[in-house]
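Below is upload-v2.txt, holding compact mmCIF, C-alpha atoms.
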# COMPACT_ATOMS: atom_id res chain seq x y z
CA MET A 141 5.21 -2.24 -24.85
CA LEU A 142 5.79 -4.62 -21.98
CA GLY A 143 5.28 -3.75 -18.31
CA ILE A 144 5.72 -5.66 -15.09
CA VAL A 145 3.86 -4.93 -11.85
CA ILE A 146 5.73 -6.03 -8.73
CA ASP A 147 3.59 -5.84 -5.60
CA ASP A 148 2.71 -8.33 -2.88
CA SER A 149 -0.92 -7.19 -2.89
CA ARG A 150 -2.99 -8.95 -5.53
CA ALA A 151 -5.51 -6.13 -5.36
CA MET A 152 -2.84 -3.55 -6.15
CA ARG A 153 -1.45 -5.69 -8.95
CA LYS A 154 -4.90 -5.94 -10.48
CA ILE A 155 -5.41 -2.17 -10.33
CA LEU A 156 -2.03 -1.41 -11.89
CA ARG A 157 -2.36 -4.19 -14.46
CA GLY A 158 -5.68 -2.71 -15.57
CA LEU A 159 -4.21 0.75 -15.83
CA LEU A 160 -1.27 -0.40 -17.94
CA ALA A 161 -3.44 -2.63 -20.10
CA ASP A 162 -5.68 0.35 -20.86
CA LEU A 163 -2.57 2.13 -22.14
CA GLY A 164 -1.78 -0.75 -24.44
CA PHE A 165 0.83 -2.52 -22.35
CA GLU A 166 1.22 -6.26 -22.17
CA VAL A 167 1.59 -6.87 -18.44
CA LEU A 168 3.53 -9.36 -16.33
CA GLU A 169 3.06 -9.70 -12.57
CA ALA A 170 5.25 -10.69 -9.63
CA GLY A 171 4.57 -10.79 -5.89
CA ASN A 172 8.03 -9.64 -4.81
CA GLY A 173 11.41 -8.62 -6.20
CA GLN A 174 12.87 -12.11 -6.24
CA GLU A 175 9.88 -13.50 -8.09
CA ALA A 176 10.23 -10.70 -10.63
CA LEU A 177 13.91 -11.38 -11.25
CA GLU A 178 13.24 -15.09 -11.68
CA LEU A 179 10.35 -14.41 -14.05
CA LEU A 180 12.42 -12.09 -16.22
CA GLN A 181 15.35 -14.51 -16.21
CA SER A 182 13.22 -17.52 -17.10
CA THR A 183 11.33 -15.78 -19.88
CA GLY A 184 14.23 -13.71 -21.19
CA ARG A 185 11.87 -10.81 -21.58
CA VAL A 186 12.85 -7.21 -20.84
CA PRO A 187 9.99 -4.93 -19.82
CA ASP A 188 9.93 -1.32 -20.92
CA LEU A 189 8.52 -0.43 -17.50
CA ALA A 190 8.46 -1.88 -14.00
CA LEU A 191 6.05 -0.57 -11.35
CA VAL A 192 7.63 -1.57 -8.05
CA ASP A 193 6.22 -1.60 -4.53
CA TRP A 194 8.70 -1.09 -1.66
CA ASN A 195 7.54 -3.21 1.28
CA MET A 196 7.30 -6.79 0.10
CA PRO A 197 8.32 -10.13 1.58
CA VAL A 198 11.40 -12.03 0.35
CA MET A 199 12.89 -9.16 -1.66
CA THR A 200 11.85 -5.53 -1.22
CA GLY A 201 11.37 -3.09 -4.05
CA LEU A 202 14.56 -1.24 -3.19
CA GLU A 203 16.53 -4.48 -3.27
CA PHE A 204 14.95 -5.29 -6.63
CA VAL A 205 16.01 -1.92 -8.04
CA VAL A 206 19.57 -2.48 -6.86
CA GLU A 207 19.70 -5.99 -8.33
CA ALA A 208 18.02 -4.99 -11.60
CA ARG A 209 20.54 -2.22 -12.13
CA LYS A 210 23.35 -4.80 -11.98
CA ILE A 211 21.90 -6.77 -14.91
CA ALA A 212 23.01 -5.38 -18.23
CA GLU A 213 19.98 -6.70 -20.12
CA LEU A 214 17.62 -4.79 -17.83
CA ARG A 215 19.33 -1.42 -17.98
CA GLN A 216 16.84 -0.06 -20.50
CA MET A 217 13.92 -0.89 -18.21
CA THR A 218 12.28 2.17 -16.65
CA LEU A 219 11.75 1.71 -12.92
CA MET A 220 8.90 3.48 -11.15
CA MET A 221 8.42 2.97 -7.44
CA VAL A 222 4.74 2.85 -6.45
CA THR A 223 4.70 2.72 -2.69
CA THR A 224 3.39 4.04 0.61
CA GLU A 225 6.96 4.94 1.62
CA SER A 226 6.84 8.71 1.51
CA GLU A 227 9.70 9.85 3.74
CA HIS A 228 12.06 12.13 1.85
CA GLY A 229 15.03 9.96 2.75
CA GLN A 230 13.38 6.90 1.30
CA ILE A 231 12.58 8.66 -1.97
CA VAL A 232 16.19 9.81 -2.26
CA ARG A 233 17.44 6.26 -1.58
CA ALA A 234 15.23 4.79 -4.28
CA LEU A 235 16.23 7.36 -6.87
CA ALA A 236 19.90 7.00 -5.95
CA ALA A 237 19.61 3.24 -6.36
CA GLY A 238 18.36 3.67 -9.91
CA ALA A 239 14.61 4.25 -9.83
CA HIS A 240 13.48 6.77 -12.44
CA GLU A 241 10.23 7.88 -10.85
CA TYR A 242 8.43 7.67 -7.54
CA VAL A 243 4.67 7.57 -6.93
CA ILE A 244 3.18 7.54 -3.46
CA LYS A 245 0.09 5.47 -2.67
CA PRO A 246 -2.73 6.28 -2.75
CA PHE A 247 -2.26 7.42 -6.33
CA THR A 248 -4.76 8.52 -8.88
CA ARG A 249 -5.00 7.01 -12.33
CA ASP A 250 -4.20 10.38 -13.87
CA GLY A 251 -1.21 10.79 -11.57
CA ILE A 252 0.37 7.58 -12.85
CA ILE A 253 -0.44 8.39 -16.46
CA ASP A 254 1.09 11.87 -16.13
CA LYS A 255 4.33 10.35 -14.81
CA LEU A 256 4.39 7.79 -17.61
CA ALA A 257 3.81 10.52 -20.16
CA LEU A 258 6.79 12.45 -18.83
CA LEU A 259 8.86 9.30 -19.26
CA GLY A 260 7.63 8.91 -22.83
CA LEU A 261 5.83 5.69 -22.00
CA VAL A 262 2.29 6.62 -22.98
CA PRO A 263 1.56 5.79 -26.61
CA VAL A 264 0.61 8.73 -28.81
CA GLY A 265 -3.13 9.12 -29.05
CA VAL A 266 -3.92 7.54 -25.68
CA LEU A 267 -4.12 10.79 -23.75
CA MET B 260 11.18 6.05 21.39
CA THR B 261 8.88 6.01 24.36
CA ASN B 262 5.16 6.28 24.52
CA ASP B 263 5.47 9.69 26.17
CA VAL B 264 7.25 11.10 23.16
CA ALA B 265 5.05 9.31 20.68
CA MET B 266 1.96 10.63 22.39
CA ASN B 267 2.99 14.15 21.35
CA VAL B 268 2.66 13.45 17.65
CA ASP B 269 0.24 15.54 15.67
CA VAL B 270 -1.63 13.40 13.19
CA ASP B 271 -4.81 14.44 11.41
CA LEU B 272 -6.31 11.05 10.73
CA ASP B 273 -9.44 12.62 9.26
CA ILE B 274 -7.52 14.21 6.38
CA ILE B 275 -5.43 11.11 5.73
CA ALA B 276 -8.51 8.88 5.75
CA GLU B 277 -10.31 11.19 3.35
CA GLN B 278 -7.36 11.16 0.94
CA VAL B 279 -7.05 7.39 1.07
CA TRP B 280 -10.75 6.66 0.67
CA SER B 281 -11.03 9.14 -2.18
CA ALA B 282 -8.04 7.93 -4.18
CA PHE B 283 -7.82 4.28 -3.20
CA LEU B 284 -11.49 3.36 -3.06
CA ASN B 285 -12.69 5.93 -5.58
CA SER B 286 -15.11 7.02 -2.94
CA GLY B 287 -17.50 9.77 -3.92
CA GLU B 288 -18.83 12.30 -1.42
CA ASP B 289 -22.15 10.51 -1.38
CA GLU B 290 -20.55 7.26 -0.22
CA ALA B 291 -18.39 8.36 2.68
CA ILE B 292 -18.80 10.38 5.83
CA PHE B 293 -15.52 11.29 7.49
CA ALA B 294 -15.04 11.92 11.21
CA ALA B 295 -18.25 10.00 11.66
CA ASP B 296 -19.89 8.97 14.92
CA ASP B 297 -18.63 5.58 16.06
CA LYS B 298 -21.47 4.82 18.41
CA GLY B 299 -22.61 1.30 17.84
CA SER B 300 -19.82 0.43 15.44
CA HIS B 301 -19.08 -3.27 15.26
CA ALA B 302 -15.82 -4.74 14.03
CA ASP B 303 -15.25 -8.32 12.94
CA LEU B 304 -11.86 -7.88 11.27
CA ALA B 305 -8.80 -5.78 11.99
CA ALA B 306 -5.97 -5.02 9.59
CA SER B 307 -2.82 -3.49 10.97
CA VAL B 308 0.70 -2.45 10.16
CA ALA B 309 3.40 -1.97 12.75
CA MET B 310 5.80 0.94 12.83
CA VAL B 311 9.23 0.46 14.34
CA GLY B 312 11.95 3.06 14.72
CA ALA B 313 11.63 6.70 15.70
CA TYR B 314 7.94 5.99 16.17
CA GLU B 315 6.79 2.69 17.62
CA GLY B 316 3.20 1.65 17.34
CA HIS B 317 0.51 0.35 15.04
CA LEU B 318 -2.02 1.67 12.59
CA VAL B 319 -5.18 -0.38 12.81
CA VAL B 320 -8.30 -0.30 10.66
CA SER B 321 -11.23 -2.41 11.81
CA CYS B 322 -14.61 -3.04 10.28
CA SER B 323 -17.42 -5.52 9.80
CA HIS B 324 -17.35 -8.53 7.49
CA LYS B 325 -19.73 -6.73 5.13
CA ALA B 326 -17.52 -3.63 5.02
CA SER B 327 -14.38 -5.67 4.33
CA ARG B 328 -16.18 -7.52 1.54
CA ASP B 329 -17.17 -4.18 0.00
CA VAL B 330 -13.53 -3.02 0.05
CA ALA B 331 -12.42 -6.20 -1.71
CA SER B 332 -15.27 -5.84 -4.18
CA VAL B 333 -14.09 -2.36 -5.19
CA LEU B 334 -10.38 -3.14 -5.34
CA PHE B 335 -10.79 -6.40 -7.25
CA ALA B 336 -13.63 -4.99 -9.40
CA MET B 337 -15.83 -7.96 -8.57
CA GLU B 338 -19.29 -8.43 -7.18
CA ALA B 339 -19.31 -8.56 -3.38
CA ASP B 340 -20.58 -12.12 -3.34
CA GLU B 341 -17.76 -13.23 -5.66
CA VAL B 342 -14.78 -12.20 -3.54
CA SER B 343 -12.93 -14.85 -1.54
CA GLN B 344 -11.58 -14.70 1.99
CA ASP B 345 -8.10 -14.33 0.48
CA ASP B 346 -9.33 -11.36 -1.56
CA ILE B 347 -10.77 -9.78 1.58
CA GLY B 348 -7.55 -10.27 3.53
CA ASP B 349 -5.46 -8.90 0.68
CA ALA B 350 -7.67 -5.86 0.15
CA LEU B 351 -8.06 -4.95 3.82
CA GLY B 352 -4.34 -5.46 4.37
CA GLU B 353 -3.51 -3.11 1.52
CA LEU B 354 -5.92 -0.52 2.94
CA ALA B 355 -4.05 -0.69 6.25
CA ASN B 356 -0.74 -0.50 4.38
CA VAL B 357 -1.74 2.64 2.49
CA LEU B 358 -3.18 4.28 5.62
CA GLY B 359 -0.11 3.31 7.63
CA GLY B 360 2.32 4.63 5.06
CA ASN B 361 0.59 7.99 4.94
CA VAL B 362 0.39 8.22 8.72
CA LYS B 363 4.06 7.26 9.03
CA SER B 364 4.99 10.16 6.77
CA VAL B 365 3.87 12.66 9.44
CA LEU B 366 5.35 10.78 12.40
CA PRO B 367 8.92 11.03 13.71
CA SER B 368 11.31 9.43 11.23
CA PRO B 369 12.96 7.22 10.25
CA SER B 370 10.63 4.34 10.94
CA GLN B 371 9.98 1.03 9.24
CA LEU B 372 6.58 -0.19 8.21
CA SER B 373 5.76 -3.86 8.60
CA LEU B 374 3.83 -6.00 6.20
CA PRO B 375 0.10 -5.85 6.96
CA ARG B 376 -1.64 -8.39 9.13
CA VAL B 377 -5.35 -9.15 9.02
CA SER B 378 -7.21 -11.13 11.66
CA ALA B 379 -10.50 -11.46 13.50
CA THR B 380 -10.79 -8.70 16.08
CA GLU B 381 -11.59 -11.24 18.78
CA HIS B 382 -8.08 -12.65 18.33
CA GLU B 383 -6.24 -9.38 17.84
CA ARG B 384 -4.45 -7.72 20.73
CA TRP B 385 -1.85 -5.00 20.95
CA PRO B 386 -0.52 -5.32 24.51
CA GLY B 387 1.19 -2.33 26.03
CA THR B 388 -0.23 0.13 23.56
CA VAL B 389 -2.27 3.26 24.02
CA GLU B 390 -4.51 4.85 21.42
CA VAL B 391 -3.06 8.16 20.28
CA CYS B 392 -5.93 9.14 18.03
CA ARG B 393 -8.75 7.61 16.03
CA THR B 394 -11.26 8.48 13.40
CA VAL B 395 -14.30 6.76 12.01
CA VAL B 396 -15.16 6.64 8.33
CA SER B 397 -18.68 5.68 7.44
CA TRP B 398 -18.44 4.21 3.95
CA ARG B 399 -21.46 2.78 2.20
CA GLY B 400 -23.21 2.83 5.54
CA GLU B 401 -20.57 0.76 7.33
CA PRO B 402 -18.16 2.17 9.92
CA PHE B 403 -14.39 1.78 9.63
CA VAL B 404 -12.47 2.65 12.78
CA VAL B 405 -8.94 3.87 12.06
CA SER B 406 -6.72 3.95 15.15
CA LEU B 407 -3.14 5.02 15.71
CA LEU B 408 -1.61 3.14 18.61
CA SER B 409 1.61 3.98 20.37
CA GLY B 410 3.99 1.67 22.16
CA GLY B 411 3.90 -2.06 22.55
CA HIS B 412 6.10 -4.56 20.83
CA ALA B 413 6.03 -4.82 17.07
CA VAL B 414 4.93 -8.37 16.44
CA HIS B 415 4.86 -8.06 12.67
CA LYS B 416 7.68 -9.07 10.41
CA THR B 417 9.34 -5.82 9.44
CA GLN B 418 10.99 -4.84 6.21
CA GLU B 419 14.00 -2.82 5.22
CA VAL B 420 15.76 -0.76 7.83
CA PRO B 421 16.19 2.78 6.52
CA ALA B 422 19.74 4.08 6.68
Translate the structure described by the file into structure tokens.
Amino acid sequence: MLGIVIDDSRAMRKILRGLLADLGFEVLEAGNGQEALELLQSTGRVPDLALVDWNMPVMTGLEFVVEARKIAELRQMTLMMVTTESEHGQIVRALAAGAHEYVIKPFTRDGIIDKLALLGLVPVGVL
Amino acid sequence: MTNDVAMNVDVDLDIIAEQVWSAFLNSGEDEAIFAADDKGSHADLAASVAMVGAYEGHLVVSCSHKASRDVASVLFAMEADEVSQDDIGDALGELANVLGGNVKSVLPSPSQLSLPRVSATEHERWPGTVEVCRTVVSWRGEPFVVSLLSGGHAVHKTQEVPA
């Protein structure tokens, strides 16, 4: 499976990349939503999963979700927000825009894996 | 919103700091002391995020060079002497971002959170602010002062205005 981690923090990208790699994912990285869209367009690859931060320069995570949902080729991509934005209204906005799941930082490794398992994105035998 | 209103907020920084250190820095009980004594604490760097909206202020975490290097070492899974200044800025900024997001969740809403800013404490100023509350986390023997400020002008670039 292919995943993409979209976060402006290199430290956070490294943490999430490691987590996904341990689950058997091949992992792409982008520092903001615009960079992610350009990467996916240039490579023609469609991730099974995108882990998306909210507050990023250039293009926020919410804007990325909105744009990604307009692109037919990306409609099968599961979108999980991983963010410090924890106000109820923000969570509702993200889900309404097309995000499938929402994880609030700081997260635990098990917390992310549990969410991925519910989405059917953890390979059998990993847990 | 004015400082007077913001001053009435009820934020338990100790609990938020404990949650963040535990989950974000994988900090065991033997590594961290929460609500620690801040006598003699020395800060070289400050990372902050601004909050604009129903609550206006800043969340600031400040610490020594050694402490910031330790944070980067943990988050980047590298030896402390291998991390770069960019790594330190990135890691400390993300720590402020995570602390700020969790603090914002218990403040009047809606508010926007800025991108984090990291700088030397000698250059960092938050004019027109007052400290609402603070806590000190002693982690690996180094103090981290976490302060919630109210008021002042948000000087950070902000993101995304909630509807």
Do you know which residues are at most 6 Å from Ala309 in chain B counting all atoms listed in the file, after dropping those on the same chain fewer than 2 positions away, and could you put them as a ChimeraX atom specification?
-> /B:316-317,372-373,413
Please return, as a PyMOL selection string, all residues of chain A lying within 6 Å of chain B when all atoms listed in the file are considered.
-> chain A and resi 151+224-227+246+248
Select, counting all atoms listed in the file, all protein, DNA and RNA residues no farther than 9 Å from (8.9, -2.7, -4.5) in file coordinates, and express the selection as a list in words.
->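 Every residue inside that radius is included here: Ile146, Asp147, Asp148, Asn172, Gly173, Leu191, Val192, Asp193, Trp194, Asn195, Met196, Met199, Thr200, Gly201, Leu202, Glu203, Phe204, Val205, Met221, Val222 and Thr223 of chain A.
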Nearest candidate to Gly387 in chain B (options B:Glu315, B:Val342, B:Arg328, B:Ala291; using only C-alpha atoms) |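 Of the candidates, the smallest distance to Gly387 in chain B is held by B:Glu315.
All polymer residues at most 12 Å from (-22.7, -12.4, -2.7), using only C-alpha atoms, appear as Lys325, Arg328, Asp329, Ser332, Met337, Glu338, Ala339, Asp340, Glu341, Val342 and Ser343 of chain B.
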Gap from CA of Cys322 in chain B to CA of Lys245 in chain A - Å, one decimal = 21.4 Å
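Residues surrounding Val319 in chain B within 7 Å are B:Ala305, B:Ala306, B:Ser307, B:Val308, B:Ala355, B:Val405, B:Ser406, B:Leu407 [all atoms listed in the file; sequence separation below 5 positions excluded].
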Would you mind listing what lies within 8 Å of Asp188 in chain A as a ChimeraX atom specification, with all atoms listed in the file counted and same-chain residues fewer than 5 positions away left out?
-> /A:141-143,216-218
Keeping only C-alpha atoms, write the selected residues as a PDB file, keeping the file's coordinate frame.
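Listed below is the output, again08.pdb:
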ATOM      1  CA  MET A 141       5.210  -2.240 -24.850  1.00  0.00           C
ATOM      2  CA  LEU A 142       5.790  -4.620 -21.980  1.00  0.00           C
ATOM      3  CA  GLY A 143       5.280  -3.750 -18.310  1.00  0.00           C
ATOM      4  CA  GLN A 216      16.840  -0.060 -20.500  1.00  0.00           C
ATOM      5  CA  MET A 217      13.920  -0.890 -18.210  1.00  0.00           C
ATOM      6  CA  THR A 218      12.280   2.170 -16.650  1.00  0.00           C
TER       7      THR A 218
END
Please measure the separation of CA of Ala176 in chain A and CA of Leu256 in chain A, giving the value in Å to one decimal.
->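 Taking CA of Ala176 in chain A and CA of Leu256 in chain A, their separation equals 20.6 Å.
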Leaving out Phe165 in chain A and any residue of its chain fewer than 2 positions from it, which residues lie within 12 Å of it when counting only C-alpha atoms, given as a list in words?
-> Met141, Leu142, Gly143, Ile144, Val145, Leu156, Arg157, Gly158, Leu159, Leu160, Ala161, Asp162, Leu163, Val167, Leu168, Pro187, Asp188, Leu189, Ala190, Leu256, Leu261, Val262, Pro263 and Val266 of chain A
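Rounded to one decimal, CA of Ser327 in chain B and CA of Leu304 in chain B lie 7.7 Å from each other.
Considering the residues A:Met152, A:Ile211, A:Ala170, A:Val206 and counting only C-alpha atoms, Gly238 in chain A has its shortest atom-to-atom contact with A:Val206.
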Near Ala236 in chain A, within 12 Å and counting only C-alpha atoms, which residues show up once chain neighbours fewer than 3 positions away are dropped, as number ranges by chain?
-> A: 202, 205-206, 209, 219, 229-233, 239-242
Please define a box with edges along x, y and z of the file around all atoms of range 196-199 of chain A given in the file, extend it by 5 Å on each side, and return its centre and edge lengths in Å to one decimal, as AutoDock Vina command-line options.
--center_x 10.1 --center_y -9.4 --center_z 0.0 --size_x 15.6 --size_y 15.2 --size_z 13.2
